[in-house]
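The structure appears below as structure tokens.
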Amino acid sequence: MQRRLPEVAFDHLNFLIAPGCDFMTRFEEVKRSFGNAETTGPFYLPLPIRRGRGLCSTAYFDQEEERFILQVEDVRSLFDPVISNIIDLVKSQIAAAHEKCGTPVINKIALVWGLALSPYLQSALRQCFEAPRGSCIIVMPPNPIMAVSDGSALGALREDYAAEVRYPRYYGFGSPSPRGVRPCVQCMNSADHSNRKMKAQEIECVIVKGKRYQEGLVYIHGNTSMHHVYHDGDAKVMSIPVYSYELSSPLDSAGTTQFNDITLAGLIAADFSSLDLTQVNRRKDPHMRMLYRLDYLVTFIFDVENGTLRFTVEALGEVIGRMSLELCF
């Protein structure tokens with residue numbers, strides 16, 4: 001408007017373009033309908049200019065009807081930069097989610113707030129993210145303006161009244177071993193070893209016995225960094241044990257505790273044959289055999305509703321193993 005109206009006219013618009021005025025009300029209508037097949041320009045916005053009216057170009061201002069004129073190209077030029085930023089942001093979020101999970105996990109995009117009502121935005125997002133270019137579905141709730149508020153309220157109610165579960169045992173995972181070598185759980189539970197003390201970090205606790213977990217929620221626990229020593233020539237696969245166990249004593253000041261009734265609940269198989277081990281720390285053992293220290297990251301999600309633990313193992317930025325473990329009550 002500043003470019004198309006005389007300076008004296010633009011400087012004295014004031015309340016004529018203030019929020020809630022006829023001009024802004026009509027402008028909102030144009031934005032919300034723009035992109036419909038039946039919506040064509042030009043668009044006329046009421047603007048009863050008092051000063052500099054006679055200096056206004058008839059290409060942009062209807063002096064007889066006192067209306068500012070917008071062409072289709074004008075409205076498109078307002079939308080396109082905003083939509084471009086939205087698409088870039090959505091793409092970056094989808095890519096980040098896929099990278100984090102190691103597989104495509106987003107297949108729906110929900111449109112919320114006022115701009116979601118724009119047919120032009122809806123069309124642009126569908127062209128970009130729905131088939132054949134993409135693999136997502138664009139969905140819009142019945143009332144997108146209130147969708148976030150409604151969801152927050154329902155989420156709060158669900159958190160307050162959700163059923164709670166208490167697991168009867170502890171669950172955690174231990175140090176890895178070469179594939180095919182199973183941890184000797186019998187030794188850990190034998191008479192000679194049943195009372196031996198273990199450092200607490202030897203089993204990384206995931207599920208705490210007796211702790212309340214709300215039904216239907218997914219709990220994401222903190223990441224745990226671990227490492228595996230690989231001998232040159234061995235198979236590039238390791239097994240990470242997941243244990244179910246009891247504590248016979250609390251942690252003492254030295255960070256140790258006593259475990260009993262330890263059960264091997266499952267093994268996370270991690271295949272690192274595709275990794276470039278020249279990127280990790282390495283040295284030769286006394287027999288001149290090359291040893292590699294492979295640092296890896298285990299993330300785990302507790303899904304109360306399905307009663308499962310879902311593990312993901314990552315190393316050098318790649319996912320090398322996954323496992324889903326059904327828990328027993």
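Labels for the structure tokens follow display order: chains A, B, ..., residues from 1 in each chain, ligands from 1.
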Return as a tab-separated table the residues of region 61-135 of chain A lying at most 7 Å from region 140-147 of chain A, together with the closest atom-to-atom pair for each and the distance in Å to one decimal, counting only C-alpha atoms, with rows in chain order and ascending residue number.
residue	atom	partner	partner_atom	distance
A:Ala110	CA	A:Met140	CA	5.5
A:Leu111	CA	A:Met140	CA	5.1
A:Val112	CA	A:Pro144	CA	4.4
A:Trp113	CA	A:Ile145	CA	4.0
A:Gly114	CA	A:Ile145	CA	5.2
A:Ala116	CA	A:Pro144	CA	6.6
Write to file, as a short mmCIF file (atom, residue, chain, number, x, y, z; two decimals), in the first residue's frame, the residues of the selection just made, with N, CA and C atoms.
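Final output, result-v4.cif:
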data_model
loop_
_atom_site.label_atom_id
_atom_site.label_comp_id
_atom_site.auth_asym_id
_atom_site.auth_seq_id
_atom_site.Cartn_x
_atom_site.Cartn_y
_atom_site.Cartn_z
N ALA A 110 -1.12 -32.38 10.41
CA ALA A 110 -2.36 -31.72 10.84
C ALA A 110 -2.20 -30.21 10.76
N LEU A 111 -3.16 -29.54 10.16
CA LEU A 111 -3.13 -28.09 10.02
C LEU A 111 -3.96 -27.46 11.14
N VAL A 112 -3.36 -26.51 11.87
CA VAL A 112 -4.04 -25.87 12.98
C VAL A 112 -3.84 -24.36 12.91
N TRP A 113 -4.61 -23.65 13.74
CA TRP A 113 -4.64 -22.20 13.81
C TRP A 113 -5.26 -21.59 12.55
N GLY A 114 -5.34 -20.27 12.53
CA GLY A 114 -6.13 -19.56 11.52
C GLY A 114 -5.66 -19.76 10.09
N ALA A 116 -4.52 -22.24 8.73
CA ALA A 116 -4.91 -23.56 8.21
C ALA A 116 -6.18 -23.49 7.39
#
Contact residues around Asp232 (chain A) with only C-alpha atoms at 10 Å, ignoring same-chain residues under 5 positions, as an NGL selection string = :A and (284 or 289-292)
Show which residues sit within 8 Å of region 266-272 of chain A, as a ChimeraX atom specification. Count only C-alpha atoms, and ignore same-chain residues fewer than 2 positions away.
-> /A:179,236-243,264,274-275,311,313,315,320-323,325
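Distance-wise, CA of Val72 (chain A) and CA of Arg4 (chain A) end up 15.7 Å apart.
When CA of Gln122 (chain A) is paired with CA of Ile138 (chain A), their separation reads 7.8 Å.
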9 Å contact set for Asp22 (chain A), only C-alpha atoms, chain neighbours under 5 positions out, as a ChimeraX atom specification | /A:16-17,27,45-47
Would you export the selected residues with N, CA and C atoms as a short mmCIF file (atom, residue, chain, number, x, y, z; two decimals), in the first residue's frame, please?
data_model
loop_
_atom_site.label_atom_id
_atom_site.label_comp_id
_atom_site.auth_asym_id
_atom_site.auth_seq_id
_atom_site.Cartn_x
_atom_site.Cartn_y
_atom_site.Cartn_z
N LEU A 16 -8.27 3.65 9.42
CA LEU A 16 -8.90 3.04 8.25
C LEU A 16 -8.38 1.63 8.00
N ILE A 17 -7.16 1.32 8.51
CA ILE A 17 -6.59 -0.01 8.33
C ILE A 17 -6.26 -0.64 9.69
N PHE A 27 -10.07 -7.95 4.16
CA PHE A 27 -8.77 -8.53 3.84
C PHE A 27 -8.66 -9.96 4.39
N LEU A 45 -11.20 -3.82 -1.40
CA LEU A 45 -11.21 -3.62 0.05
C LEU A 45 -11.66 -2.19 0.35
N PRO A 46 -12.70 -2.02 1.17
CA PRO A 46 -13.22 -0.67 1.46
C PRO A 46 -12.16 0.21 2.12
N LEU A 47 -11.96 1.41 1.55
CA LEU A 47 -10.94 2.32 2.07
C LEU A 47 -11.35 3.76 1.75
#
